[in-house]
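Here's coords_33.json, which has JSON, C-alpha atoms and all ligand atoms:
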```json
[["chain", "number", "residue", "atom", "x", "y", "z"],
["A", 1, "MET", "CA", 78.30, 51.80, 78.82],
["A", 2, "THR", "CA", 76.64, 52.63, 82.14],
["A", 3, "VAL", "CA", 73.77, 55.00, 82.81],
["A", 4, "GLU", "CA", 76.14, 57.41, 84.51],
["A", 5, "SER", "CA", 78.65, 57.54, 81.66],
["A", 6, "ALA", "CA", 75.90, 57.74, 79.04],
["A", 7, "LEU", "CA", 74.52, 60.78, 80.85],
["A", 8, "ARG", "CA", 77.93, 62.36, 81.12],
["A", 9, "GLN", "CA", 78.67, 61.88, 77.41],
["A", 10, "GLY", "CA", 75.25, 63.11, 76.34],
["A", 11, "PHE", "CA", 75.56, 66.15, 78.56],
["A", 12, "LYS", "CA", 78.95, 66.99, 77.08],
["A", 13, "LEU", "CA", 77.75, 66.68, 73.47],
["A", 14, "LEU", "CA", 74.70, 68.86, 74.11],
["A", 15, "GLU", "CA", 76.61, 71.43, 76.11],
["A", 16, "ASP", "CA", 79.34, 71.77, 73.49],
["A", 17, "ALA", "CA", 76.66, 72.36, 70.85],
["A", 18, "GLY", "CA", 75.10, 75.12, 72.94],
["A", 19, "ILE", "CA", 71.81, 73.29, 73.49],
["A", 20, "PRO", "CA", 69.95, 74.86, 76.43],
["A", 21, "ALA", "CA", 69.51, 72.78, 79.62],
["A", 22, "PRO", "CA", 71.97, 70.10, 78.47],
["A", 23, "ARG", "CA", 71.83, 68.09, 81.69],
["A", 24, "LEU", "CA", 68.05, 67.88, 81.80],
["A", 25, "THR", "CA", 67.89, 67.15, 78.08],
["A", 26, "ALA", "CA", 70.37, 64.27, 78.38],
["A", 27, "GLU", "CA", 68.34, 62.87, 81.26],
["A", 28, "VAL", "CA", 65.03, 63.11, 79.43],
["A", 29, "LEU", "CA", 66.44, 61.51, 76.27],
["A", 30, "LEU", "CA", 68.10, 58.71, 78.21],
["A", 31, "CYS", "CA", 64.88, 58.03, 80.11],
["A", 32, "HIS", "CA", 63.06, 57.86, 76.81],
["A", 33, "ALA", "CA", 65.62, 55.42, 75.39],
["A", 34, "LEU", "CA", 65.41, 53.26, 78.51],
["A", 35, "GLN", "CA", 61.64, 53.64, 78.89],
["A", 36, "ARG", "CA", 62.22, 54.47, 82.54],
["A", 37, "GLU", "CA", 61.37, 57.24, 84.98],
["A", 38, "ARG", "CA", 63.99, 59.81, 85.87],
["A", 39, "SER", "CA", 64.50, 58.42, 89.38],
["A", 40, "TYR", "CA", 65.92, 55.28, 87.76],
["A", 41, "LEU", "CA", 68.92, 57.25, 86.48],
["A", 42, "TYR", "CA", 69.89, 58.12, 90.03],
["A", 43, "SER", "CA", 69.07, 54.81, 91.67],
["A", 44, "HIS", "CA", 70.92, 52.80, 88.98],
["A", 45, "PRO", "CA", 73.95, 54.82, 87.83],
["A", 46, "GLU", "CA", 75.95, 51.60, 87.32],
["A", 47, "ALA", "CA", 73.34, 49.81, 85.21],
["A", 48, "GLU", "CA", 74.55, 48.80, 81.76],
["A", 49, "LEU", "CA", 72.65, 50.07, 78.75],
["A", 50, "ASN", "CA", 71.62, 47.29, 76.38],
["A", 51, "ASP", "CA", 72.38, 47.71, 72.66],
["A", 52, "ASN", "CA", 68.87, 48.82, 71.88],
["A", 53, "ALA", "CA", 68.80, 51.57, 74.49],
["A", 54, "TRP", "CA", 72.25, 52.72, 73.47],
["A", 55, "LEU", "CA", 71.21, 52.92, 69.81],
["A", 56, "HIS", "CA", 68.08, 54.86, 70.62],
["A", 57, "TYR", "CA", 69.85, 57.24, 72.96],
["A", 58, "GLY", "CA", 72.42, 57.99, 70.25],
["A", 59, "ARG", "CA", 69.71, 58.69, 67.72],
["A", 60, "TYR", "CA", 67.81, 60.99, 70.08],
["A", 61, "LEU", "CA", 70.97, 62.93, 70.90],
["A", 62, "HIS", "CA", 71.69, 63.29, 67.21],
["A", 63, "GLU", "CA", 68.17, 64.57, 66.52],
["A", 64, "ARG", "CA", 68.38, 67.08, 69.35],
["A", 65, "LEU", "CA", 71.76, 68.27, 68.08],
["A", 66, "GLN", "CA", 70.11, 68.88, 64.70],
["A", 67, "GLY", "CA", 67.68, 71.23, 66.44],
["A", 68, "LYS", "CA", 64.66, 68.96, 66.84],
["A", 69, "PRO", "CA", 62.80, 69.93, 70.02],
["A", 70, "THR", "CA", 62.99, 67.35, 72.79],
["A", 71, "GLN", "CA", 59.19, 67.08, 72.86],
["A", 72, "TYR", "CA", 59.09, 65.95, 69.23],
["A", 73, "ILE", "CA", 61.66, 63.28, 70.08],
["A", 74, "THR", "CA", 59.83, 61.98, 73.15],
["A", 75, "LYS", "CA", 56.45, 62.79, 71.52],
["A", 76, "LYS", "CA", 55.04, 64.19, 74.72],
["A", 77, "GLN", "CA", 54.51, 67.42, 76.62],
["A", 78, "GLU", "CA", 52.84, 68.08, 79.93],
["A", 79, "PHE", "CA", 50.09, 70.71, 79.98],
["A", 80, "TYR", "CA", 48.01, 71.69, 82.99],
["A", 81, "GLY", "CA", 49.10, 68.53, 84.78],
["A", 82, "ARG", "CA", 48.29, 66.09, 82.00],
["A", 83, "GLU", "CA", 50.47, 64.44, 79.41],
["A", 84, "PHE", "CA", 49.72, 65.21, 75.76],
["A", 85, "ARG", "CA", 51.11, 63.42, 72.77],
["A", 86, "VAL", "CA", 52.73, 65.79, 70.31],
["A", 87, "THR", "CA", 54.02, 65.27, 66.78],
["A", 88, "PRO", "CA", 55.51, 67.74, 64.30],
["A", 89, "ASP", "CA", 51.93, 68.24, 63.02],
["A", 90, "VAL", "CA", 51.09, 70.27, 66.13],
["A", 91, "LEU", "CA", 52.61, 73.13, 68.08],
["A", 92, "ILE", "CA", 54.21, 72.00, 71.33],
["A", 93, "PRO", "CA", 51.91, 73.30, 74.09],
["A", 94, "ARG", "CA", 53.63, 76.15, 75.96],
["A", 95, "PRO", "CA", 53.38, 76.77, 79.69],
["A", 96, "GLU", "CA", 52.15, 80.34, 78.94],
["A", 97, "THR", "CA", 49.10, 78.89, 77.26],
["A", 98, "GLU", "CA", 47.94, 77.63, 80.66],
["A", 99, "HIS", "CA", 46.93, 81.27, 81.22],
["A", 100, "VAL", "CA", 44.25, 80.76, 78.56],
["A", 101, "VAL", "CA", 42.87, 77.84, 80.57],
["A", 102, "GLU", "CA", 43.08, 79.69, 83.88],
["A", 103, "THR", "CA", 41.36, 82.76, 82.45],
["A", 104, "ALA", "CA", 38.58, 80.69, 80.92],
["A", 105, "LEU", "CA", 38.01, 78.84, 84.19],
["A", 106, "ARG", "CA", 37.92, 82.10, 86.14],
["A", 107, "LEU", "CA", 35.63, 84.05, 83.81],
["A", 108, "ALA", "CA", 33.33, 81.32, 82.57],
["A", 109, "PRO", "CA", 33.39, 78.54, 85.18],
["A", 110, "ARG", "CA", 29.85, 77.45, 84.37],
["A", 111, "ALA", "CA", 30.20, 77.45, 80.58],
["A", 112, "ARG", "CA", 28.21, 74.60, 79.09],
["A", 113, "ARG", "CA", 29.18, 75.01, 75.43],
["A", 114, "VAL", "CA", 32.75, 75.78, 74.52],
["A", 115, "LEU", "CA", 34.67, 76.09, 71.24],
["A", 116, "ASP", "CA", 38.45, 75.98, 70.80],
["A", 117, "VAL", "CA", 39.52, 77.41, 67.43],
["A", 118, "GLY", "CA", 42.84, 76.10, 66.12],
["A", 119, "CYS", "CA", 43.08, 73.30, 68.65],
["A", 120, "GLY", "CA", 46.45, 71.85, 67.57],
["A", 121, "SER", "CA", 47.30, 69.03, 69.99],
["A", 122, "GLY", "CA", 43.98, 69.59, 71.76],
["A", 123, "ALA", "CA", 45.70, 70.79, 74.93],
["A", 124, "ILE", "CA", 43.22, 73.62, 75.63],
["A", 125, "ALA", "CA", 40.07, 71.82, 74.46],
["A", 126, "VAL", "CA", 40.81, 68.61, 76.33],
["A", 127, "THR", "CA", 41.83, 70.45, 79.49],
["A", 128, "LEU", "CA", 38.70, 72.61, 79.52],
["A", 129, "GLN", "CA", 36.46, 69.62, 78.88],
["A", 130, "LEU", "CA", 37.97, 67.73, 81.79],
["A", 131, "GLU", "CA", 38.09, 70.71, 84.14],
["A", 132, "MET", "CA", 34.61, 72.04, 83.36],
["A", 133, "GLY", "CA", 32.66, 69.02, 82.20],
["A", 134, "ALA", "CA", 31.28, 71.24, 79.41],
["A", 135, "THR", "CA", 30.40, 70.24, 75.87],
["A", 136, "VAL", "CA", 33.54, 71.17, 73.98],
["A", 137, "PHE", "CA", 33.95, 71.61, 70.23],
["A", 138, "ALA", "CA", 37.33, 72.08, 68.60],
["A", 139, "THR", "CA", 38.41, 73.02, 65.09],
["A", 140, "ASP", "CA", 41.68, 73.04, 63.24],
["A", 141, "ILE", "CA", 42.52, 73.67, 59.62],
["A", 142, "SER", "CA", 44.99, 70.80, 59.74],
["A", 143, "GLU", "CA", 43.51, 67.34, 59.46],
["A", 144, "ALA", "CA", 46.74, 65.88, 60.83],
["A", 145, "ALA", "CA", 46.48, 68.11, 63.90],
["A", 146, "VAL", "CA", 42.89, 67.03, 64.50],
["A", 147, "ARG", "CA", 44.04, 63.42, 64.40],
["A", 148, "VAL", "CA", 46.59, 64.12, 67.14],
["A", 149, "ALA", "CA", 44.02, 66.08, 69.19],
["A", 150, "ARG", "CA", 41.47, 63.32, 68.84],
["A", 151, "GLY", "CA", 44.04, 60.81, 70.07],
["A", 152, "ASN", "CA", 44.74, 63.00, 73.09],
["A", 153, "ALA", "CA", 41.04, 63.37, 73.87],
["A", 154, "GLU", "CA", 40.63, 59.60, 73.72],
["A", 155, "ALA", "CA", 43.71, 58.87, 75.81],
["A", 156, "LEU", "CA", 42.65, 61.36, 78.48],
["A", 157, "GLN", "CA", 38.99, 60.40, 78.26],
["A", 158, "ALA", "CA", 37.75, 63.84, 77.32],
["A", 159, "GLN", "CA", 34.67, 64.16, 75.16],
["A", 160, "VAL", "CA", 35.48, 66.71, 72.51],
["A", 161, "TRP", "CA", 33.74, 67.16, 69.14],
["A", 162, "PHE", "CA", 36.27, 67.86, 66.42],
["A", 163, "ALA", "CA", 35.91, 69.43, 62.99],
["A", 164, "VAL", "CA", 38.51, 70.16, 60.33],
["A", 165, "CYS", "CA", 37.82, 73.72, 59.21],
["A", 166, "ASP", "CA", 39.37, 77.15, 58.76],
["A", 167, "VAL", "CA", 38.80, 79.23, 61.94],
["A", 168, "ALA", "CA", 35.07, 78.62, 62.59],
["A", 169, "GLU", "CA", 33.88, 78.59, 59.00],
["A", 170, "GLY", "CA", 31.18, 76.07, 58.40],
["A", 171, "LEU", "CA", 30.11, 76.09, 62.03],
["A", 172, "ALA", "CA", 26.45, 76.92, 62.38],
["A", 173, "GLU", "CA", 25.19, 79.30, 65.01],
["A", 174, "ALA", "CA", 26.62, 77.61, 68.05],
["A", 175, "ARG", "CA", 25.17, 79.34, 71.14],
["A", 176, "LEU", "CA", 28.51, 79.15, 72.86],
["A", 177, "ASP", "CA", 29.25, 80.35, 76.36],
["A", 178, "LEU", "CA", 32.96, 80.43, 75.74],
["A", 179, "LEU", "CA", 35.22, 80.68, 72.73],
["A", 180, "VAL", "CA", 38.93, 80.11, 73.27],
["A", 181, "SER", "CA", 41.84, 80.23, 70.88],
["A", 182, "ASN", "CA", 45.59, 80.22, 70.70],
["A", 183, "PRO", "CA", 45.77, 81.08, 67.00],
["A", 184, "PRO", "CA", 48.90, 81.53, 64.91],
["A", 185, "TYR", "CA", 50.01, 85.09, 65.63],
["A", 186, "ILE", "CA", 53.65, 85.57, 64.71],
["A", 187, "PRO", "CA", 54.09, 88.15, 61.92],
["A", 188, "ARG", "CA", 55.82, 86.61, 58.90],
["A", 189, "GLY", "CA", 58.64, 89.11, 59.16],
["A", 190, "GLU", "CA", 59.65, 87.73, 62.55],
["A", 191, "GLU", "CA", 60.28, 84.24, 61.19],
["A", 192, "ALA", "CA", 64.01, 84.73, 60.68],
["A", 193, "GLY", "CA", 64.47, 85.85, 64.30],
["A", 194, "LEU", "CA", 62.87, 82.75, 65.83],
["A", 195, "GLN", "CA", 64.84, 79.96, 67.46],
["A", 196, "ARG", "CA", 65.80, 77.19, 65.08],
["A", 197, "GLU", "CA", 63.72, 74.71, 67.13],
["A", 198, "ILE", "CA", 60.57, 76.68, 66.35],
["A", 199, "ARG", "CA", 61.39, 77.91, 62.85],
["A", 200, "GLU", "CA", 62.55, 74.63, 61.40],
["A", 201, "PHE", "CA", 60.47, 72.12, 63.30],
["A", 202, "GLU", "CA", 57.09, 73.49, 64.38],
["A", 203, "PRO", "CA", 54.21, 73.67, 61.88],
["A", 204, "HIS", "CA", 54.17, 77.01, 60.12],
["A", 205, "THR", "CA", 50.38, 77.04, 59.84],
["A", 206, "ALA", "CA", 50.30, 77.08, 63.65],
["A", 207, "LEU", "CA", 52.73, 79.99, 63.86],
["A", 208, "PHE", "CA", 52.34, 82.47, 60.99],
["A", 209, "PRO", "CA", 48.94, 83.79, 59.89],
["A", 210, "GLY", "CA", 50.30, 86.49, 57.56],
["A", 211, "PRO", "CA", 52.24, 89.76, 57.47],
["A", 212, "THR", "CA", 50.74, 91.46, 60.55],
["A", 213, "GLY", "CA", 50.13, 88.49, 62.85],
["A", 214, "LEU", "CA", 46.60, 89.79, 63.46],
["A", 215, "GLU", "CA", 44.94, 88.03, 60.54],
["A", 216, "ILE", "CA", 43.23, 85.25, 62.50],
["A", 217, "TYR", "CA", 42.09, 87.59, 65.30],
["A", 218, "GLU", "CA", 40.40, 89.76, 62.66],
["A", 219, "ARG", "CA", 38.37, 86.82, 61.43],
["A", 220, "LEU", "CA", 37.74, 85.32, 64.84],
["A", 221, "VAL", "CA", 36.62, 88.53, 66.53],
["A", 222, "ALA", "CA", 34.34, 89.35, 63.58],
["A", 223, "ASP", "CA", 32.76, 85.90, 63.64],
["A", 224, "ALA", "CA", 32.51, 85.45, 67.40],
["A", 225, "PRO", "CA", 29.25, 87.38, 68.01],
["A", 226, "ARG", "CA", 27.54, 84.96, 65.64],
["A", 227, "LEU", "CA", 28.83, 81.98, 67.59],
["A", 228, "LEU", "CA", 28.49, 83.21, 71.17],
["A", 229, "SER", "CA", 25.35, 83.56, 73.22],
["A", 230, "PRO", "CA", 24.84, 87.07, 74.59],
["A", 231, "GLY", "CA", 27.09, 87.36, 77.63],
["A", 232, "GLY", "CA", 29.44, 84.67, 76.33],
["A", 233, "TRP", "CA", 33.20, 85.07, 76.67],
["A", 234, "ILE", "CA", 36.08, 85.12, 74.22],
["A", 235, "VAL", "CA", 39.52, 84.24, 75.58],
["A", 236, "MET", "CA", 42.51, 84.47, 73.23],
["A", 237, "GLU", "CA", 46.23, 84.08, 73.60],
["A", 238, "ILE", "CA", 48.14, 86.99, 72.04],
["A", 239, "GLY", "CA", 51.70, 87.77, 71.00],
["A", 240, "TYR", "CA", 53.77, 90.12, 73.12],
["A", 241, "ARG", "CA", 53.19, 93.12, 70.85],
["A", 242, "GLN", "CA", 49.56, 92.52, 69.99],
["A", 243, "GLU", "CA", 47.56, 93.86, 72.90],
["A", 244, "GLU", "CA", 46.68, 97.14, 71.20],
["A", 245, "GLY", "CA", 45.93, 95.55, 67.83],
["A", 246, "VAL", "CA", 43.57, 92.96, 69.31],
["A", 247, "ARG", "CA", 41.91, 95.48, 71.63],
["A", 248, "SER", "CA", 41.16, 97.74, 68.70],
["A", 249, "LEU", "CA", 39.50, 94.83, 66.87],
["A", 250, "LEU", "CA", 37.33, 94.23, 69.95],
["A", 251, "ARG", "CA", 36.36, 97.92, 70.06],
["A", 252, "ARG", "CA", 34.66, 97.49, 66.70],
["A", 253, "GLY", "CA", 32.23, 94.87, 68.04],
["A", 254, "PRO", "CA", 29.77, 94.40, 70.89],
["A", 255, "TRP", "CA", 32.43, 93.65, 73.48],
["A", 256, "GLN", "CA", 32.47, 94.52, 77.17],
["A", 257, "ASP", "CA", 34.66, 93.81, 80.18],
["A", 258, "VAL", "CA", 37.75, 93.48, 78.02],
["A", 259, "GLU", "CA", 40.82, 92.60, 80.05],
["A", 260, "THR", "CA", 44.44, 91.70, 79.45],
["A", 261, "ILE", "CA", 46.16, 88.99, 81.45],
["A", 262, "HIS", "CA", 49.94, 89.08, 81.77],
["A", 263, "ASP", "CA", 52.16, 86.02, 81.93],
["A", 264, "LEU", "CA", 54.84, 85.29, 84.52],
["A", 265, "ALA", "CA", 57.35, 87.30, 82.48],
["A", 266, "GLY", "CA", 55.02, 90.31, 82.74],
["A", 267, "LEU", "CA", 54.09, 90.24, 79.04],
["A", 268, "PRO", "CA", 50.51, 90.65, 77.83],
["A", 269, "ARG", "CA", 49.52, 87.08, 77.01],
["A", 270, "VAL", "CA", 45.75, 86.70, 77.03],
["A", 271, "ILE", "CA", 42.88, 89.02, 76.10],
["A", 272, "ALA", "CA", 39.36, 88.25, 77.23],
["A", 273, "GLY", "CA", 36.06, 89.99, 76.62],
["A", 274, "ARG", "CA", 32.37, 89.45, 76.97],
["A", 275, "CYS", "CA", 29.96, 89.58, 74.12],
["A", 276, "GLY", "CA", 27.19, 92.11, 74.68],
["A", 277, "ALA", "CA", 23.78, 91.69, 73.10],
["A", 278, "VAL", "CA", 24.07, 91.87, 69.31],
["A", 279, "THR", "CA", 21.97, 94.76, 68.03],
["B", 1, "LIG", "N1", 53.92, 81.16, 71.60],
["B", 1, "LIG", "C1", 54.42, 80.63, 70.39],
["B", 1, "LIG", "C2", 55.84, 81.03, 70.21],
["B", 1, "LIG", "O1", 56.30, 81.97, 70.79],
["B", 1, "LIG", "C3", 53.61, 81.07, 69.21],
["B", 1, "LIG", "C4", 52.31, 80.41, 69.25],
["B", 1, "LIG", "C5", 51.33, 80.99, 68.33],
["B", 1, "LIG", "O2", 51.62, 81.62, 67.30],
["B", 1, "LIG", "N2", 50.13, 80.82, 68.72],
["B", 1, "LIG", "O3", 56.56, 80.40, 69.49]]
```
As structure tokens, please, write out the structure in this file.
Ligand code: GLN
Amino acid sequence: MTVESALRQGFKLLEDAGIPAPRLTAEVLLCHALQRERSYLYSHPEAELNDNAWLHYGRYLHERLQGKPTQYITKKQEFYGREFRVTPDVLIPRPETEHVVETALRLAPRARRVLDVGCGSGAIAVTLQLEMGATVFATDISEAAVRVARGNAEALQAQVWFAVCDVAEGLAEARLDLLVSNPPYIPRGEEAGLQREIREFEPHTALFPGPTGLEIYERLVADAPRLLSPGGWIVMEIGYRQEEGVRSLLRRGPWQDVETIHDLAGLPRVIAGRCGAVT
């Protein structure tokens, strides 16, 4: 079996099963089986796969056909130009979430103390630490997620302080300049409408906070003035129908300069605000 025919067969299997981007997926899985870069596939179409590579490729194709996301098979996902290790214990970092990073860097470029609530793989916390050189804290309710995030921080040489806790409970007054979060925000009722890849493979604690989807924002926005220094920023990713709900939570507190950032699809994706002096 050559590289070229392996690709062709993989492509056909994936395409027939209706898997999106079948060509790219076959290439990524074959690269993973061969432990090679993608350019190798094109420079060596006649190379013979050894038994081991063939076996692995077959297993990866099978897993993908069962609905497992490619990133959980290869155990990696790029985010803001860096490679993060991902396991089924953490949400796969989405490109849209880079808007959280961009917004934080724009609004609070000189933040010295930063907290990421619900850090998952650590993509946001690690990225902000490396981009800003700030002191970064990160929490997650899942101990397994914190283990993955800690591994990413170590591998990318970011200094992040991790704690396993629910939202920011147990964190003392933190004098933060910046609080960021991509919390779970999908309303429970929308579970059935999600893609199989998400619904059956991604951690439900990272996706569903409760019936409205606003449950974590309620707690986070209420707790944030305690954690932020006056003038500190909150930057949160939101679901596509949550702008009004999250804005109304912010109206109840000492928030100023509230803005919504839209993603490349034109959907509201990030809400940011500045904490006024607590009276
Ligand atoms: N953006 C994710 C999705 O659409 C949800 C992430 C989250 O709930 N924070 O699947």
As a ChimeraX atom specification, please: every protein or nucleic acid residue near ligand LIG 1 (chain B) (cut-off 9 Å, counting all atoms listed in the file). /A:91-94,96-97,181-187,194-195,198-199,202,204-209,213,237-240
Can you work out the spacing between CA of Val270 (chain A) and CA of Gln256 (chain A) in Å, to one decimal? 15.4 Å
Contact residues around Ala272 (chain A) with all atoms listed in the file at 8 Å, ignoring same-chain residues under 2 positions, as a PyMOL selection string: chain A and resi 103+233-236+257-260+270+274
Find the residues near region 68-78 of chain A: any atom within 9 Å, counting all atoms listed in the file, skip ones fewer than 6 places away on the same chain, and give them as number ranges by chain. A: 25, 28-29, 32, 60, 84-88, 92-95, 196-198, 200-202
Residue neighbourhood Ala144 (chain A), 10 Å, only C-alpha atoms, exclusion window fewer than 2 positions, as a PyMOL selection string: chain A and resi 87-90+120-121+140-142+146-150+164
Writing out the chosen residues with C-alpha atoms as a CSV table (one decimal), in the frame of the given file:
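What ended up in part-v6.csv:
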```
chain,number,residue,atom,x,y,z
A,87,THR,CA,54.0,65.3,66.8
A,88,PRO,CA,55.5,67.7,64.3
A,89,ASP,CA,51.9,68.2,63.0
A,90,VAL,CA,51.1,70.3,66.1
A,120,GLY,CA,46.4,71.8,67.6
A,121,SER,CA,47.3,69.0,70.0
A,140,ASP,CA,41.7,73.0,63.2
A,141,ILE,CA,42.5,73.7,59.6
A,142,SER,CA,45.0,70.8,59.7
A,146,VAL,CA,42.9,67.0,64.5
A,147,ARG,CA,44.0,63.4,64.4
A,148,VAL,CA,46.6,64.1,67.1
A,149,ALA,CA,44.0,66.1,69.2
A,150,ARG,CA,41.5,63.3,68.8
A,164,VAL,CA,38.5,70.2,60.3
```
What's around Leu178 (chain A) at 9 Å? Count all atoms listed in the file, leave out sequence neighbours fewer than 4 positions away in its own chain, and write the answer as a PyMOL selection string. chain A and resi 104+108+111-116+228-229+232-235
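With distances restricted to only C-alpha atoms, A:Pro211 is the closest residue to Glu190 (chain A) from A:Gly151, A:Gly231, A:Gly253, A:Pro211.
Taking CA of Gly81 (chain A) and CA of Glu131 (chain A) as endpoints, the distance between them is 11.2 Å.
Here the question is which of A:Leu105, A:Leu250, A:Ala123, A:Ala6 gets nearest to Glu46 (chain A) using only C-alpha atoms, and that residue is A:Ala6.
The gap separating CA of Leu227 (chain A) from CA of Glu173 (chain A) is 5.2 Å, in Å to one decimal.
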Pick out the closest residue to His99 (chain A) from this set: A:Ile261, A:Phe137, A:Ser39, A:Phe11. Count all atoms listed in the file. A:Ile261
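Distances here use all atoms listed in the file; by that measure, the residue among A:Pro203, A:Gly245, A:Gly210, A:Pro254 closest to Ala222 (chain A) is A:Pro254.
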Set the distance at 12 Å and use all atoms listed in the file: which residues neighbour Gln157 (chain A) once local chain neighbours fewer than 3 positions away are removed? I'd like the list as a CSV table (one decimal) with C-alpha atoms, keeping the file's coordinate frame.
```csv
chain,number,residue,atom,x,y,z
A,82,ARG,CA,48.3,66.1,82.0
A,126,VAL,CA,40.8,68.6,76.3
A,127,THR,CA,41.8,70.4,79.5
A,129,GLN,CA,36.5,69.6,78.9
A,130,LEU,CA,38.0,67.7,81.8
A,131,GLU,CA,38.1,70.7,84.1
A,133,GLY,CA,32.7,69.0,82.2
A,149,ALA,CA,44.0,66.1,69.2
A,150,ARG,CA,41.5,63.3,68.8
A,151,GLY,CA,44.0,60.8,70.1
A,152,ASN,CA,44.7,63.0,73.1
A,153,ALA,CA,41.0,63.4,73.9
A,154,GLU,CA,40.6,59.6,73.7
A,160,VAL,CA,35.5,66.7,72.5
```
Kindly list the centre and edge lengths in Å, rounded to one decimal, for the axis-aligned box that covers all listed atoms of region 199-213 of chain A plus 3 Å on each of its six sides, as lines of an AutoDock Vina configuration file.
```
center_x = 55.7
center_y = 81.8
center_z = 60.9
size_x = 19.6
size_y = 25.3
size_z = 12.9
```
